[in-house]
$ cat structure-v7.cif   # mmCIF, N, CA and C atoms
data_protein
#
loop_
_atom_site.label_atom_id
_atom_site.label_comp_id
_atom_site.auth_asym_id
_atom_site.auth_seq_id
_atom_site.Cartn_x
_atom_site.Cartn_y
_atom_site.Cartn_z
N MET A 1 8.42 16.89 -0.60
CA MET A 1 7.31 15.97 -0.87
C MET A 1 7.84 14.55 -0.88
N VAL A 2 7.26 13.70 -0.05
CA VAL A 2 7.60 12.28 0.00
C VAL A 2 6.54 11.53 -0.80
N LYS A 3 6.99 10.79 -1.80
CA LYS A 3 6.07 10.07 -2.69
C LYS A 3 6.10 8.59 -2.36
N VAL A 4 4.91 8.05 -2.04
CA VAL A 4 4.79 6.67 -1.58
C VAL A 4 3.81 5.92 -2.48
N LEU A 5 4.24 4.74 -2.93
CA LEU A 5 3.39 3.86 -3.73
C LEU A 5 3.21 2.55 -2.98
N PHE A 6 1.95 2.21 -2.67
CA PHE A 6 1.63 0.95 -2.04
C PHE A 6 1.24 -0.05 -3.13
N VAL A 7 1.75 -1.28 -3.01
CA VAL A 7 1.58 -2.25 -4.09
C VAL A 7 1.13 -3.61 -3.54
N CYS A 8 0.16 -4.20 -4.23
CA CYS A 8 -0.24 -5.59 -3.97
C CYS A 8 -0.51 -6.26 -5.31
N LEU A 9 -1.05 -7.44 -5.28
CA LEU A 9 -1.26 -8.21 -6.52
C LEU A 9 -2.24 -7.54 -7.47
N GLY A 10 -3.43 -7.18 -6.99
CA GLY A 10 -4.47 -6.69 -7.89
C GLY A 10 -4.86 -5.24 -7.76
N ASN A 11 -4.41 -4.57 -6.69
CA ASN A 11 -4.74 -3.16 -6.42
C ASN A 11 -6.24 -2.95 -6.20
N ILE A 12 -6.86 -3.97 -5.57
CA ILE A 12 -8.28 -3.81 -5.21
C ILE A 12 -8.53 -4.09 -3.73
N CYS A 13 -7.55 -4.67 -3.03
CA CYS A 13 -7.75 -5.00 -1.61
C CYS A 13 -6.72 -4.29 -0.72
N ARG A 14 -5.52 -4.84 -0.61
CA ARG A 14 -4.54 -4.35 0.35
C ARG A 14 -3.92 -3.01 0.00
N SER A 15 -3.44 -2.85 -1.23
CA SER A 15 -2.75 -1.59 -1.54
C SER A 15 -3.68 -0.38 -1.52
N PRO A 16 -4.92 -0.48 -2.03
CA PRO A 16 -5.79 0.69 -1.87
C PRO A 16 -6.18 0.92 -0.42
N MET A 17 -6.30 -0.17 0.36
CA MET A 17 -6.60 0.00 1.78
C MET A 17 -5.45 0.79 2.43
N ALA A 18 -4.22 0.41 2.14
CA ALA A 18 -3.06 1.11 2.69
C ALA A 18 -3.03 2.57 2.21
N GLU A 19 -3.31 2.78 0.92
CA GLU A 19 -3.31 4.14 0.36
C GLU A 19 -4.30 5.04 1.11
N TYR A 20 -5.53 4.59 1.25
CA TYR A 20 -6.55 5.46 1.82
C TYR A 20 -6.47 5.56 3.34
N VAL A 21 -6.01 4.52 4.01
CA VAL A 21 -5.80 4.61 5.46
C VAL A 21 -4.65 5.58 5.74
N PHE A 22 -3.59 5.50 4.93
CA PHE A 22 -2.45 6.41 5.13
C PHE A 22 -2.85 7.86 4.84
N LYS A 23 -3.60 8.07 3.77
CA LYS A 23 -4.08 9.43 3.47
C LYS A 23 -4.91 9.98 4.62
N ASP A 24 -5.77 9.14 5.18
CA ASP A 24 -6.60 9.55 6.31
C ASP A 24 -5.74 9.85 7.54
N LYS A 25 -4.77 9.00 7.79
CA LYS A 25 -3.89 9.15 8.96
C LYS A 25 -3.10 10.45 8.89
N ILE A 26 -2.49 10.74 7.76
CA ILE A 26 -1.67 11.95 7.68
C ILE A 26 -2.55 13.22 7.66
N LYS A 27 -3.74 13.10 7.11
CA LYS A 27 -4.66 14.24 7.13
C LYS A 27 -5.04 14.58 8.57
N LYS A 28 -5.36 13.55 9.36
CA LYS A 28 -5.73 13.76 10.76
C LYS A 28 -4.57 14.30 11.58
N GLU A 29 -3.33 13.96 11.17
CA GLU A 29 -2.15 14.46 11.88
C GLU A 29 -1.69 15.81 11.33
N GLY A 30 -2.35 16.29 10.28
CA GLY A 30 -2.01 17.58 9.71
C GLY A 30 -0.71 17.60 8.93
N ILE A 31 -0.34 16.45 8.39
CA ILE A 31 0.89 16.35 7.60
C ILE A 31 0.53 16.47 6.12
N GLU A 32 1.19 17.39 5.43
CA GLU A 32 0.84 17.65 4.02
C GLU A 32 1.96 17.36 3.04
N LYS A 33 3.03 16.72 3.50
CA LYS A 33 4.21 16.57 2.64
C LYS A 33 4.26 15.26 1.87
N PHE A 34 3.10 14.66 1.61
CA PHE A 34 3.07 13.36 0.94
C PHE A 34 2.27 13.38 -0.35
N TYR A 35 2.73 12.56 -1.29
CA TYR A 35 1.94 12.17 -2.46
C TYR A 35 1.81 10.65 -2.34
N ILE A 36 0.58 10.13 -2.31
CA ILE A 36 0.34 8.73 -2.05
C ILE A 36 -0.51 8.12 -3.16
N ASP A 37 -0.11 6.93 -3.61
CA ASP A 37 -0.85 6.23 -4.65
C ASP A 37 -0.73 4.73 -4.37
N SER A 38 -1.40 3.94 -5.19
CA SER A 38 -1.28 2.49 -5.08
C SER A 38 -1.36 1.87 -6.47
N ALA A 39 -0.88 0.63 -6.57
CA ALA A 39 -0.85 -0.05 -7.87
C ALA A 39 -0.79 -1.56 -7.65
N ALA A 40 -0.96 -2.27 -8.76
CA ALA A 40 -0.92 -3.74 -8.77
C ALA A 40 0.35 -4.22 -9.46
N THR A 41 0.75 -5.44 -9.12
CA THR A 41 1.83 -6.06 -9.89
C THR A 41 1.27 -6.84 -11.08
N SER A 42 0.00 -7.20 -11.04
CA SER A 42 -0.61 -7.95 -12.13
C SER A 42 -1.55 -7.06 -12.93
N SER A 43 -1.97 -7.58 -14.06
CA SER A 43 -2.93 -6.84 -14.91
C SER A 43 -4.36 -7.35 -14.72
N GLU A 44 -4.56 -8.30 -13.81
CA GLU A 44 -5.84 -8.98 -13.66
C GLU A 44 -7.03 -8.07 -13.34
N GLU A 45 -6.80 -7.04 -12.55
CA GLU A 45 -7.91 -6.22 -12.06
C GLU A 45 -7.90 -4.79 -12.60
N ILE A 46 -7.07 -4.49 -13.58
CA ILE A 46 -6.95 -3.12 -14.09
C ILE A 46 -8.32 -2.56 -14.45
N GLY A 47 -8.59 -1.36 -13.92
CA GLY A 47 -9.85 -0.68 -14.20
C GLY A 47 -10.97 -1.03 -13.25
N ASN A 48 -10.76 -2.04 -12.41
CA ASN A 48 -11.80 -2.42 -11.45
C ASN A 48 -11.73 -1.54 -10.20
N SER A 49 -12.87 -1.40 -9.54
CA SER A 49 -12.92 -0.60 -8.32
C SER A 49 -12.47 -1.45 -7.13
N ILE A 50 -12.41 -0.84 -5.99
CA ILE A 50 -11.99 -1.50 -4.76
C ILE A 50 -12.92 -2.67 -4.45
N HIS A 51 -12.34 -3.77 -3.99
CA HIS A 51 -13.10 -4.95 -3.58
C HIS A 51 -14.10 -4.56 -2.50
N TYR A 52 -15.28 -5.15 -2.54
CA TYR A 52 -16.34 -4.78 -1.60
C TYR A 52 -15.92 -4.97 -0.14
N GLY A 53 -15.06 -5.95 0.14
CA GLY A 53 -14.59 -6.16 1.51
C GLY A 53 -13.73 -4.99 2.00
N THR A 54 -12.87 -4.50 1.14
CA THR A 54 -12.05 -3.31 1.48
C THR A 54 -12.95 -2.09 1.58
N ARG A 55 -13.84 -1.94 0.62
CA ARG A 55 -14.77 -0.80 0.63
C ARG A 55 -15.59 -0.79 1.93
N ASN A 56 -16.10 -1.95 2.34
CA ASN A 56 -16.90 -2.03 3.56
C ASN A 56 -16.07 -1.70 4.80
N LYS A 57 -14.82 -2.16 4.84
CA LYS A 57 -13.97 -1.88 6.00
C LYS A 57 -13.63 -0.40 6.06
N LEU A 58 -13.33 0.21 4.93
CA LEU A 58 -13.03 1.65 4.92
C LEU A 58 -14.25 2.46 5.33
N LYS A 59 -15.43 2.07 4.85
CA LYS A 59 -16.67 2.75 5.26
C LYS A 59 -16.87 2.62 6.76
N GLU A 60 -16.67 1.42 7.28
CA GLU A 60 -16.82 1.17 8.72
C GLU A 60 -15.91 2.09 9.54
N MET A 61 -14.72 2.36 9.02
CA MET A 61 -13.75 3.19 9.73
C MET A 61 -13.86 4.67 9.34
N ASN A 62 -14.90 5.01 8.57
CA ASN A 62 -15.12 6.40 8.11
C ASN A 62 -13.93 6.97 7.34
N ILE A 63 -13.39 6.15 6.45
CA ILE A 63 -12.26 6.56 5.63
C ILE A 63 -12.73 6.65 4.18
N ASP A 64 -12.54 7.83 3.59
CA ASP A 64 -12.92 8.08 2.20
C ASP A 64 -11.98 7.33 1.26
N TYR A 65 -12.52 6.72 0.23
CA TYR A 65 -11.70 6.00 -0.75
C TYR A 65 -11.91 6.51 -2.17
N GLY A 66 -12.62 7.59 -2.33
CA GLY A 66 -12.75 8.21 -3.64
C GLY A 66 -13.26 7.29 -4.73
N ASN A 67 -12.76 7.51 -5.93
CA ASN A 67 -13.17 6.78 -7.13
C ASN A 67 -12.07 5.85 -7.61
N HIS A 68 -11.47 5.14 -6.72
CA HIS A 68 -10.30 4.32 -7.03
C HIS A 68 -10.58 3.30 -8.13
N LEU A 69 -9.67 3.23 -9.08
CA LEU A 69 -9.68 2.19 -10.11
C LEU A 69 -8.29 1.56 -10.15
N ALA A 70 -8.24 0.24 -10.16
CA ALA A 70 -6.97 -0.47 -10.14
C ALA A 70 -6.13 -0.13 -11.36
N ARG A 71 -4.82 -0.01 -11.09
CA ARG A 71 -3.85 0.20 -12.17
C ARG A 71 -2.65 -0.67 -11.93
N GLN A 72 -1.93 -0.98 -12.99
CA GLN A 72 -0.73 -1.79 -12.87
C GLN A 72 0.49 -0.89 -12.74
N MET A 73 1.38 -1.29 -11.87
CA MET A 73 2.64 -0.58 -11.68
C MET A 73 3.45 -0.61 -12.97
N THR A 74 4.23 0.46 -13.18
CA THR A 74 5.10 0.53 -14.35
C THR A 74 6.55 0.73 -13.92
N LYS A 75 7.45 0.50 -14.82
CA LYS A 75 8.87 0.72 -14.57
C LYS A 75 9.12 2.19 -14.19
N GLN A 76 8.37 3.10 -14.78
CA GLN A 76 8.52 4.53 -14.51
C GLN A 76 8.16 4.89 -13.06
N ASP A 77 7.34 4.09 -12.42
CA ASP A 77 6.99 4.35 -11.02
C ASP A 77 8.23 4.34 -10.13
N TYR A 78 9.23 3.59 -10.51
CA TYR A 78 10.46 3.54 -9.71
C TYR A 78 11.11 4.91 -9.64
N GLU A 79 11.10 5.63 -10.74
CA GLU A 79 11.69 6.97 -10.77
C GLU A 79 10.79 7.99 -10.07
N LYS A 80 9.50 7.80 -10.14
CA LYS A 80 8.53 8.76 -9.62
C LYS A 80 8.41 8.73 -8.09
N PHE A 81 8.54 7.55 -7.48
CA PHE A 81 8.26 7.39 -6.05
C PHE A 81 9.53 7.22 -5.23
N ASP A 82 9.46 7.70 -3.98
CA ASP A 82 10.57 7.56 -3.03
C ASP A 82 10.50 6.22 -2.30
N TYR A 83 9.30 5.75 -2.06
CA TYR A 83 9.06 4.48 -1.38
C TYR A 83 8.06 3.67 -2.19
N ILE A 84 8.41 2.41 -2.44
CA ILE A 84 7.51 1.48 -3.11
C ILE A 84 7.32 0.33 -2.12
N ILE A 85 6.11 0.22 -1.60
CA ILE A 85 5.86 -0.64 -0.45
C ILE A 85 4.89 -1.77 -0.80
N GLY A 86 5.40 -2.98 -0.81
CA GLY A 86 4.60 -4.16 -1.06
C GLY A 86 4.02 -4.72 0.22
N MET A 87 3.08 -5.62 0.08
CA MET A 87 2.38 -6.20 1.22
C MET A 87 2.92 -7.56 1.64
N GLU A 88 3.60 -8.24 0.72
CA GLU A 88 4.12 -9.58 1.01
C GLU A 88 5.35 -9.85 0.14
N ASP A 89 6.06 -10.92 0.47
CA ASP A 89 7.28 -11.26 -0.27
C ASP A 89 7.02 -11.42 -1.77
N ARG A 90 5.89 -12.02 -2.12
CA ARG A 90 5.58 -12.20 -3.55
C ARG A 90 5.48 -10.84 -4.26
N ASN A 91 4.87 -9.84 -3.58
CA ASN A 91 4.78 -8.51 -4.18
C ASN A 91 6.17 -7.93 -4.42
N ILE A 92 7.06 -8.10 -3.46
CA ILE A 92 8.42 -7.57 -3.58
C ILE A 92 9.11 -8.19 -4.79
N LYS A 93 9.00 -9.50 -4.93
CA LYS A 93 9.59 -10.20 -6.07
C LYS A 93 9.01 -9.66 -7.38
N ASP A 94 7.68 -9.48 -7.42
CA ASP A 94 7.03 -9.00 -8.64
C ASP A 94 7.36 -7.53 -8.93
N ILE A 95 7.48 -6.73 -7.90
CA ILE A 95 7.87 -5.32 -8.08
C ILE A 95 9.25 -5.26 -8.74
N LYS A 96 10.18 -6.07 -8.23
CA LYS A 96 11.54 -6.08 -8.79
C LYS A 96 11.54 -6.62 -10.21
N ARG A 97 10.63 -7.53 -10.52
CA ARG A 97 10.51 -8.03 -11.90
C ARG A 97 10.09 -6.88 -12.83
N ILE A 98 9.23 -6.01 -12.33
CA ILE A 98 8.74 -4.89 -13.14
C ILE A 98 9.78 -3.78 -13.27
N VAL A 99 10.41 -3.40 -12.17
CA VAL A 99 11.29 -2.22 -12.19
C VAL A 99 12.76 -2.55 -12.36
N GLY A 100 13.14 -3.80 -12.15
CA GLY A 100 14.55 -4.16 -12.21
C GLY A 100 15.19 -4.05 -10.84
N GLU A 101 16.48 -3.91 -10.82
CA GLU A 101 17.21 -3.86 -9.55
C GLU A 101 16.86 -2.62 -8.74
N ASP A 102 16.79 -2.79 -7.44
CA ASP A 102 16.46 -1.69 -6.52
C ASP A 102 17.74 -0.94 -6.15
N THR A 103 18.29 -0.21 -7.11
CA THR A 103 19.58 0.47 -6.92
C THR A 103 19.51 1.64 -5.93
N GLU A 104 18.31 2.19 -5.71
CA GLU A 104 18.17 3.34 -4.82
C GLU A 104 17.51 2.98 -3.49
N ASN A 105 17.38 1.67 -3.21
CA ASN A 105 16.83 1.19 -1.95
C ASN A 105 15.46 1.82 -1.64
N LYS A 106 14.53 1.67 -2.58
CA LYS A 106 13.19 2.25 -2.46
C LYS A 106 12.12 1.21 -2.14
N ILE A 107 12.43 -0.06 -2.29
CA ILE A 107 11.42 -1.12 -2.21
C ILE A 107 11.45 -1.76 -0.82
N TYR A 108 10.27 -1.79 -0.20
CA TYR A 108 10.12 -2.33 1.16
C TYR A 108 8.84 -3.14 1.25
N LYS A 109 8.77 -3.96 2.27
CA LYS A 109 7.53 -4.63 2.64
C LYS A 109 6.97 -3.86 3.83
N LEU A 110 5.66 -3.56 3.81
CA LEU A 110 5.07 -2.67 4.81
C LEU A 110 5.38 -3.08 6.24
N LEU A 111 5.18 -4.33 6.57
CA LEU A 111 5.37 -4.73 7.96
C LEU A 111 6.84 -4.91 8.35
N ASP A 112 7.77 -4.70 7.41
CA ASP A 112 9.19 -4.68 7.77
C ASP A 112 9.51 -3.44 8.61
N PHE A 113 8.64 -2.45 8.60
CA PHE A 113 8.83 -1.27 9.44
C PHE A 113 8.37 -1.52 10.87
N SER A 114 7.59 -2.57 11.08
CA SER A 114 7.02 -2.85 12.40
C SER A 114 7.99 -3.68 13.25
N LYS A 115 7.61 -3.89 14.50
CA LYS A 115 8.41 -4.72 15.40
C LYS A 115 8.21 -6.20 15.14
N ASN A 116 7.23 -6.53 14.30
CA ASN A 116 6.92 -7.92 13.99
C ASN A 116 6.81 -8.09 12.47
N PRO A 117 7.96 -8.06 11.75
CA PRO A 117 7.93 -8.16 10.29
C PRO A 117 7.28 -9.46 9.82
N ARG A 118 6.40 -9.32 8.83
CA ARG A 118 5.70 -10.47 8.27
C ARG A 118 4.93 -10.01 7.03
N ASP A 119 4.36 -10.96 6.33
CA ASP A 119 3.50 -10.65 5.19
C ASP A 119 2.12 -10.21 5.69
N ILE A 120 1.45 -9.41 4.88
CA ILE A 120 0.04 -9.10 5.11
C ILE A 120 -0.75 -10.03 4.18
N ALA A 121 -1.52 -10.91 4.78
CA ALA A 121 -2.27 -11.91 4.00
C ALA A 121 -3.28 -11.21 3.09
N ASP A 122 -3.48 -11.80 1.93
CA ASP A 122 -4.41 -11.26 0.94
C ASP A 122 -5.84 -11.63 1.33
N PRO A 123 -6.68 -10.64 1.68
CA PRO A 123 -8.05 -10.94 2.09
C PRO A 123 -8.93 -11.45 0.95
N TRP A 124 -8.45 -11.32 -0.28
CA TRP A 124 -9.16 -11.91 -1.41
C TRP A 124 -9.29 -13.41 -1.17
N TYR A 125 -8.23 -13.99 -0.58
CA TYR A 125 -8.20 -15.43 -0.32
C TYR A 125 -8.66 -15.77 1.10
N THR A 126 -8.29 -14.94 2.09
CA THR A 126 -8.62 -15.26 3.48
C THR A 126 -10.03 -14.82 3.87
N GLY A 127 -10.53 -13.77 3.21
CA GLY A 127 -11.83 -13.20 3.56
C GLY A 127 -11.79 -12.36 4.84
N ASN A 128 -10.61 -12.22 5.43
CA ASN A 128 -10.50 -11.53 6.72
C ASN A 128 -9.99 -10.10 6.52
N PHE A 129 -10.90 -9.20 6.18
CA PHE A 129 -10.54 -7.80 5.93
C PHE A 129 -10.22 -7.06 7.23
N ASP A 130 -10.76 -7.53 8.35
CA ASP A 130 -10.44 -6.91 9.65
C ASP A 130 -8.98 -7.14 9.99
N LYS A 131 -8.48 -8.36 9.82
CA LYS A 131 -7.08 -8.68 10.09
C LYS A 131 -6.18 -7.90 9.14
N THR A 132 -6.54 -7.83 7.88
CA THR A 132 -5.76 -7.06 6.92
C THR A 132 -5.69 -5.61 7.33
N TYR A 133 -6.82 -5.04 7.73
CA TYR A 133 -6.86 -3.65 8.18
C TYR A 133 -5.94 -3.45 9.38
N ASP A 134 -6.03 -4.33 10.37
CA ASP A 134 -5.19 -4.20 11.56
C ASP A 134 -3.71 -4.28 11.21
N ASP A 135 -3.34 -5.21 10.33
CA ASP A 135 -1.94 -5.33 9.90
C ASP A 135 -1.48 -4.08 9.16
N ILE A 136 -2.33 -3.55 8.31
CA ILE A 136 -1.98 -2.35 7.55
C ILE A 136 -1.81 -1.17 8.49
N VAL A 137 -2.71 -1.00 9.44
CA VAL A 137 -2.58 0.10 10.41
C VAL A 137 -1.27 -0.04 11.19
N GLU A 138 -0.95 -1.25 11.61
CA GLU A 138 0.32 -1.48 12.32
C GLU A 138 1.51 -1.07 11.46
N GLY A 139 1.51 -1.50 10.21
CA GLY A 139 2.61 -1.17 9.30
C GLY A 139 2.69 0.31 9.00
N LEU A 140 1.54 0.95 8.77
CA LEU A 140 1.54 2.38 8.46
C LEU A 140 2.01 3.22 9.64
N SER A 141 1.62 2.84 10.85
CA SER A 141 2.07 3.57 12.04
C SER A 141 3.59 3.48 12.18
N ALA A 142 4.12 2.27 11.97
CA ALA A 142 5.57 2.08 12.05
C ALA A 142 6.28 2.82 10.91
N PHE A 143 5.70 2.80 9.72
CA PHE A 143 6.29 3.51 8.59
C PHE A 143 6.34 5.01 8.85
N LEU A 144 5.26 5.57 9.36
CA LEU A 144 5.22 7.00 9.66
C LEU A 144 6.26 7.35 10.72
N GLU A 145 6.42 6.52 11.72
CA GLU A 145 7.45 6.74 12.75
C GLU A 145 8.84 6.72 12.11
N HIS A 146 9.05 5.76 11.21
CA HIS A 146 10.32 5.67 10.48
C HIS A 146 10.60 6.99 9.74
N LEU A 147 9.59 7.50 9.07
CA LEU A 147 9.77 8.75 8.31
C LEU A 147 10.05 9.94 9.22
N LYS A 148 9.44 9.96 10.39
CA LYS A 148 9.66 11.06 11.32
C LYS A 148 11.08 11.04 11.89
N ASN A 149 11.71 9.87 11.85
CA ASN A 149 13.04 9.71 12.43
C ASN A 149 14.17 9.80 11.42
N ILE A 150 13.85 10.12 10.17
CA ILE A 150 14.93 10.25 9.18
C ILE A 150 15.16 11.70 8.80
#

$ encode --input "structure-v7.cif" --output "structure tokens"
Amino acid sequence: MVKVLFVCLGNICRSPMAEYVFKDKIKKEGIEKFYIDSAATSSEEIGNSIHYGTRNKLKEMNIDYGNHLARQMTKQDYEKFDYIIGMEDRNIKDIKRIVGEDTENKIYKLLDFSKNPRDIADPWYTGNFDKTYDDIVEGLSAFLEHLKNI
């Protein structure tokens, strides 16, 4: 079982989008060896549901997002998960602030798996959920290829 935690600032836009798109992707590919979750680095949105922009994009793509409620990442998540994947450099810095040193090399930025490493912009600020979705799909495809090759 490969355990993956996707992380962004509030756990209402990018990280739940990555969580549910990845769940949909592996389900369609018939892969069952994953446990997937998402979390926030901040406490600002704890208990809130997915942002309407993310919800609308997932609906448009026919991707189920369940009853997601934002939660904050904990230090214990470092022990629980094999991969902790942030969306931007700020997330990586905040993840390390929460968990401490990455002694087991578990912390990555999603698009670092792609051929064009970069941050995934926060659609809370940009309003561009289509671009965020495309970037997340690019990162998830590259991440899955990475996993198939290890």

$ resolve_selection --input "structure-v7.cif" --expression "the PyMOL selection byres (((chain A and resi 52 and name CA) around 12) and name CA)" --output "list of chain:residue names"
A:Ile12, A:Cys13, A:Arg14, A:Pro16, A:Met17, A:Asn48, A:Ser49, A:Ile50, A:His51, A:Gly53, A:Thr54, A:Arg55, A:Asn56, A:Lys57, A:Leu58, A:Lys59, A:Glu60, A:Tyr65, A:Pro123, A:Trp124, A:Gly127, A:Phe129

$ closest_residue --input "structure-v7.cif" --among "A:Tyr133, A:Tyr20, A:Tyr125, A:Phe6" --to "Gly66 in chain A" --atoms "only N, CA and C atoms"
A:Tyr20

$ atom_distance --input "structure-v7.cif" --atom1 "atom N of Lys109 in chain A" --atom2 "CA of Lys23 in chain A"
18.6 Å

$ residues_around --input "structure-v7.cif" --residues "Asp82 in chain A" --least-positions-apart "5" --cutoff "8 Å" --atoms "only C-alpha atoms" --output "PyMOL selection string"
chain A and resi 2-4+106

$ residues_around --input "structure-v7.cif" --residues "Asp112 in chain A" --least-positions-apart "6" --cutoff "8 Å" --atoms "only N, CA and C atoms" --output "MDAnalysis selection string"
chainID A and resid 118:119 139 142:143

$ decode --input "structure-v7.cif" --residues "range 63-75 of chain A" --atoms "N, CA and C atoms" --output "mmCIF file, in the first residue's frame"
data_model
loop_
_atom_site.group_PDB
_atom_site.id
_atom_site.type_symbol
_atom_site.label_atom_id
_atom_site.label_comp_id
_atom_site.auth_asym_id
_atom_site.auth_seq_id
_atom_site.Cartn_x
_atom_site.Cartn_y
_atom_site.Cartn_z
ATOM 1 N N ILE A 63 -15.875 13.791 -11.683
ATOM 2 C CA ILE A 63 -15.036 13.212 -10.638
ATOM 3 C C ILE A 63 -15.733 13.411 -9.298
ATOM 4 N N ASP A 64 -15.960 12.308 -8.598
ATOM 5 C CA ASP A 64 -16.612 12.333 -7.288
ATOM 6 C C ASP A 64 -15.665 12.921 -6.251
ATOM 7 N N TYR A 65 -16.174 13.769 -5.383
ATOM 8 C CA TYR A 65 -15.349 14.366 -4.332
ATOM 9 C C TYR A 65 -15.911 14.110 -2.935
ATOM 10 N N GLY A 66 -16.900 13.273 -2.823
ATOM 11 C CA GLY A 66 -17.398 12.863 -1.517
ATOM 12 C C GLY A 66 -17.796 14.009 -0.612
ATOM 13 N N ASN A 67 -17.576 13.814 0.669
ATOM 14 C CA ASN A 67 -17.957 14.759 1.722
ATOM 15 C C ASN A 67 -16.732 15.433 2.321
ATOM 16 N N HIS A 68 -15.827 15.857 1.501
ATOM 17 C CA HIS A 68 -14.542 16.384 1.958
ATOM 18 C C HIS A 68 -14.709 17.572 2.906
ATOM 19 N N LEU A 69 -13.970 17.517 4.004
ATOM 20 C CA LEU A 69 -13.861 18.647 4.928
ATOM 21 C C LEU A 69 -12.378 18.903 5.177
ATOM 22 N N ALA A 70 -11.978 20.157 5.099
ATOM 23 C CA ALA A 70 -10.571 20.517 5.254
ATOM 24 C C ALA A 70 -10.052 20.126 6.629
ATOM 25 N N ARG A 71 -8.804 19.645 6.614
ATOM 26 C CA ARG A 71 -8.111 19.326 7.865
ATOM 27 C C ARG A 71 -6.687 19.832 7.780
ATOM 28 N N GLN A 72 -6.092 20.073 8.935
ATOM 29 C CA GLN A 72 -4.712 20.534 8.969
ATOM 30 C C GLN A 72 -3.780 19.344 9.127
ATOM 31 N N MET A 73 -2.684 19.394 8.410
ATOM 32 C CA MET A 73 -1.649 18.375 8.504
ATOM 33 C C MET A 73 -1.072 18.349 9.918
ATOM 34 N N THR A 74 -0.656 17.157 10.348
ATOM 35 C CA THR A 74 -0.032 17.003 11.662
ATOM 36 C C THR A 74 1.358 16.393 11.512
ATOM 37 N N LYS A 75 2.132 16.501 12.548
ATOM 38 C CA LYS A 75 3.469 15.896 12.571
ATOM 39 C C LYS A 75 3.369 14.378 12.360
#
